[in-house]
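Asks: Input: one structure, supplied below.
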Amino acid sequence: MTAPIIRQLAELRAKHSDWIRAGERVAVVPTMGALHAGHLSLVEAAKASCDRVIVTIFVNPKQFNNPEDLENYPRTEHDDAIKLAPYAVDVIYVPDPDQIYPVGFATNVSVAGVADQMEGACRPGHFDGVATVVAKLFLQTGAHQAFFGEKDYQQLLVVRRMARDLDIPIEVVGCPTVRETSGLAMSSRNMRLSSEGLVKAGALHPILTRLAAEVSAGGHFADLKKQAEAEILAAGFDELEYLSLCSAEDLSTMETAEAPVRLFVAAWIEDVRLIDNIAV
């Protein structure tokens, strides 16, 4: 049985009030739909942690830099509801656009520091859009916990900083990246790749894994980076936007693994932009 789909904030808040009166804990899993196993792993984690689970589906126009990318983003609400049915979530919140951005909406949430490099530098305004919509979803759902995947690790840190700075009483939980058998990080964007493109894209994770092992063994990132970049392009990627080694805590640029660090990459293949990261 599929969960009820709610589109109006007033209806969602009525349900939430009943749950809170009953002393129940509420989790939210924010998504843009086109659900895959990675999203469903977040739902599983939410179900294991809280009494009630809200999955939100909202394709947020404010976090897209490219209008064509927004237009091409898959919208699969019916299929998403079917995929969620076995998990018995309590509500699928698919807000009408005016429930998020009513006429005259004039507020923007901007996070400095962790949002400035990598995705923030390549996609100006992207994290403002993320922080704004997630702040609204946190406040609208009144959840005690929110679940995000580590595939978007920079986003995870941005959201945590935003919630902390704005005193939103919610715990932001990061969950491990779910991967295809090739190692390719699961993403809604993978749906736009051809079968040949999927095979080529599968080379990205092994290259990152080898690079991580070399850095972990004491190698300097600057000495290893060019070879890894060449391998990524030789595997069939058309363009590499960045390959970075950053602190796992604040995303400051690092050269060695003297502290907890992660590798981050963004690359294009078949006009599809893929991102990934792994711990070193």
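Simple scheme: letters A, B, ... for chains in structure tokens order, numbers from 1 for residues in each chain, numbers from 1 for ligands in the order shown.
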List the spatial neighbours of segment 187-192 of chain A as a PyMOL selection string - criterion: any atom at most 8 Å away, only C-alpha atoms, same-chain residues fewer than 4 positions off excluded.
Replies: chain A and resi 34-36+38+73-74+198+272-274
Asks: Using only C-alpha atoms, which protein or nucleic acid residues come within 12 Å of Asn66 of chain A? Drop anything in the same chain fewer than 3 positions from it, and give the result as a ChimeraX atom specification.
Replies: /A:61-63,69-73,122-126,273
Asks: Could those selected residues go to a file with N, CA, C and O atoms, as a tab-separated table (two decimals), in the first residue's frame?
Replies:
```
chain	number	residue	atom	x	y	z
A	61	PRO	N	13.91	24.44	-8.10
A	61	PRO	CA	14.49	25.23	-9.19
A	61	PRO	C	15.63	26.12	-8.75
A	61	PRO	O	16.50	26.44	-9.57
A	62	LYS	N	15.68	26.49	-7.49
A	62	LYS	CA	16.70	27.44	-7.02
A	62	LYS	C	18.10	26.84	-6.94
A	62	LYS	O	19.08	27.58	-6.80
A	63	GLN	N	18.22	25.50	-7.01
A	63	GLN	CA	19.56	24.92	-6.92
A	63	GLN	C	20.11	24.49	-8.28
A	63	GLN	O	21.16	23.86	-8.35
A	69	ASP	N	19.26	21.68	-17.49
A	69	ASP	CA	19.42	20.62	-16.50
A	69	ASP	C	18.15	20.46	-15.68
A	69	ASP	O	17.70	19.35	-15.38
A	70	LEU	N	17.54	21.60	-15.30
A	70	LEU	CA	16.28	21.57	-14.56
A	70	LEU	C	15.18	20.93	-15.39
A	70	LEU	O	14.42	20.08	-14.91
A	71	GLU	N	15.11	21.30	-16.64
A	71	GLU	CA	14.07	20.77	-17.53
A	71	GLU	C	14.22	19.27	-17.73
A	71	GLU	O	13.23	18.53	-17.80
A	72	ASN	N	15.48	18.80	-17.81
A	72	ASN	CA	15.74	17.38	-18.08
A	72	ASN	C	15.70	16.51	-16.83
A	72	ASN	O	15.76	15.28	-16.94
A	73	TYR	N	15.62	17.12	-15.66
A	73	TYR	CA	15.67	16.32	-14.44
A	73	TYR	C	14.44	15.39	-14.40
A	73	TYR	O	13.31	15.84	-14.60
A	122	CYS	N	31.89	25.84	-8.85
A	122	CYS	CA	31.49	25.43	-10.20
A	122	CYS	C	30.03	25.77	-10.50
A	122	CYS	O	29.65	25.93	-11.67
A	123	ARG	N	29.21	25.87	-9.47
A	123	ARG	CA	27.78	26.09	-9.66
A	123	ARG	C	27.33	27.25	-8.77
A	123	ARG	O	26.70	27.05	-7.74
A	124	PRO	N	27.67	28.48	-9.14
A	124	PRO	CA	27.35	29.63	-8.30
A	124	PRO	C	25.87	29.68	-7.93
A	124	PRO	O	25.00	29.54	-8.78
A	125	GLY	N	25.61	29.87	-6.65
A	125	GLY	CA	24.23	29.96	-6.17
A	125	GLY	C	23.60	28.62	-5.84
A	125	GLY	O	22.53	28.58	-5.22
A	126	HIS	N	24.25	27.53	-6.24
A	126	HIS	CA	23.66	26.20	-6.04
A	126	HIS	C	23.36	25.94	-4.56
A	126	HIS	O	22.25	25.54	-4.20
A	273	ARG	N	26.76	15.34	-15.85
A	273	ARG	CA	27.77	15.71	-14.84
A	273	ARG	C	27.64	14.77	-13.64
A	273	ARG	O	26.59	14.70	-12.99
```
Asks: Run DSSP on the backbone and give me the residues of segment 31-178 of chain A it puts in strand (DSSP E or B), as a PyMOL selection string.
Replies: chain A and resi 31+52-57+91-93+145-149+171-175
Asks: Let me make sure I understand: among A:Asp165, A:Glu249, A:Glu196, A:Glu171, which one has the smallest atom-to-atom distance to Phe148 of chain A if we use only C-alpha atoms?
Replies: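 Under the stated criterion, the closest residue is A:Glu171.
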Asks: Write out as a ChimeraX atom specification which residues come within 8 Å of Val55 of chain A when counting only C-alpha atoms, dropping same-chain ones fewer than 6 positions away.
Replies: /A:28-31,43,89,91-93
Asks: Looking at A:Trp19, A:Tyr242, A:Phe264, A:Phe237, which one is nearest to Gln154 of chain A, with distances taken over only C-alpha atoms?
Replies: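 Looking only at the distances to Gln154 of chain A, the closest residue turns out to be A:Phe264.
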Asks: Tell me which protein, DNA and RNA residues are within 10 Å of Ala234 of chain A, counting only C-alpha atoms, leaving out same-chain ones fewer than 6 positions away, and put them as a list in words.
Replies: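 Surrounding residues, per the criterion: Lys200, Ala203 and Ala228 of chain A.
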Asks: I'd like the neighbourhood of Arg52 of chain A as a list in words, where a residue qualifies if any of its atoms comes within 7 Å (using only C-alpha atoms), though same-chain residues fewer than 5 positions away should be ignored.
Replies: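 That gives Arg25, Val26, Ala27 and Asp90 of chain A.
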Asks: Identify all residues of segment 20-216 of chain A in helix (DSSP H, G or I) (DSSP on the backbone) and supply them as number ranges by chain.
Replies: A: 20-21, 37-49, 61-63, 67-72, 77-87, 97-100, 119-122, 126-141, 150-165, 188-192, 195-201, 204-216
Asks: Find the residues around Arg7 of chain A up to 6 Å (only C-alpha atoms counted), leave out those fewer than 2 positions away in its own chain, and share them as an mmCIF file with all heavy atoms, in the first residue's frame.
Replies:
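Heads up, here's the output in out-v9.cif:
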```cif
data_model
loop_
_atom_site.group_PDB
_atom_site.id
_atom_site.type_symbol
_atom_site.label_atom_id
_atom_site.label_comp_id
_atom_site.auth_asym_id
_atom_site.auth_seq_id
_atom_site.Cartn_x
_atom_site.Cartn_y
_atom_site.Cartn_z
ATOM 1 N N VAL A 94 4.887 16.044 -1.290
ATOM 2 C CA VAL A 94 5.215 16.578 -2.613
ATOM 3 C C VAL A 94 4.595 17.977 -2.674
ATOM 4 O O VAL A 94 3.507 18.170 -3.230
ATOM 5 C CB VAL A 94 4.664 15.683 -3.737
ATOM 6 C CG1 VAL A 94 5.204 16.126 -5.096
ATOM 7 C CG2 VAL A 94 5.019 14.216 -3.495
ATOM 8 N N PRO A 95 5.261 18.946 -2.080
ATOM 9 C CA PRO A 95 4.621 20.258 -1.939
ATOM 10 C C PRO A 95 4.370 20.942 -3.279
ATOM 11 O O PRO A 95 5.224 20.901 -4.177
ATOM 12 C CB PRO A 95 5.622 21.056 -1.103
ATOM 13 C CG PRO A 95 6.937 20.373 -1.326
ATOM 14 C CD PRO A 95 6.609 18.923 -1.501
ATOM 15 N N ASP A 96 3.198 21.534 -3.403
ATOM 16 C CA ASP A 96 2.965 22.409 -4.546
ATOM 17 C C ASP A 96 3.986 23.538 -4.487
ATOM 18 O O ASP A 96 4.390 23.959 -3.396
ATOM 19 C CB ASP A 96 1.543 22.978 -4.490
ATOM 20 C CG ASP A 96 0.483 21.909 -4.748
ATOM 21 O OD1 ASP A 96 0.789 20.932 -5.452
ATOM 22 O OD2 ASP A 96 -0.648 22.067 -4.234
#
```
Asks: May I have the residues within 10 Å of Asp79 of chain A as a PyMOL selection string, using only C-alpha atoms and disregarding those fewer than 3 positions away in the same chain?
Replies: chain A and resi 33-35+75-76+82-84
Asks: Work out how far atom CA of Ile100 of chain A is from atom CA of Met118 of chain A, in Å to one decimal.
Replies: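 Answer for the atom CA of Met118 of chain A to atom CA of Ile100 of chain A separation: 27.1 Å.
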Asks: Could you state the separation of atom CA of Ser49 of chain A and atom CA of Ala115 of chain A in Å, given to one decimal place?
Replies: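 Going from atom CA of Ser49 of chain A over to atom CA of Ala115 of chain A, I get 28.4 Å.
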Asks: Check the smallest atom-to-atom distance from each of A:Gly174, A:Gly202, A:Gly218, A:Gly236 to Ala46 of chain A using only C-alpha atoms, then report the winner.
Replies: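 Of all the options, A:Gly174 lies closest to Ala46 of chain A.
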Asks: Which residue, A:Asp271, A:Pro97, A:Asn108, A:Leu12, has the smallest gap to Glu68 of chain A when you use only C-alpha atoms?
Replies: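 Counting only C-alpha atoms, the residue closest to Glu68 of chain A is A:Asp271.
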Asks: At what distance in Å, to one decimal, does atom CA of Gln99 of chain A lie from atom CA of Gln8 of chain A?
Replies: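 Those two atoms sit 6.6 Å apart.
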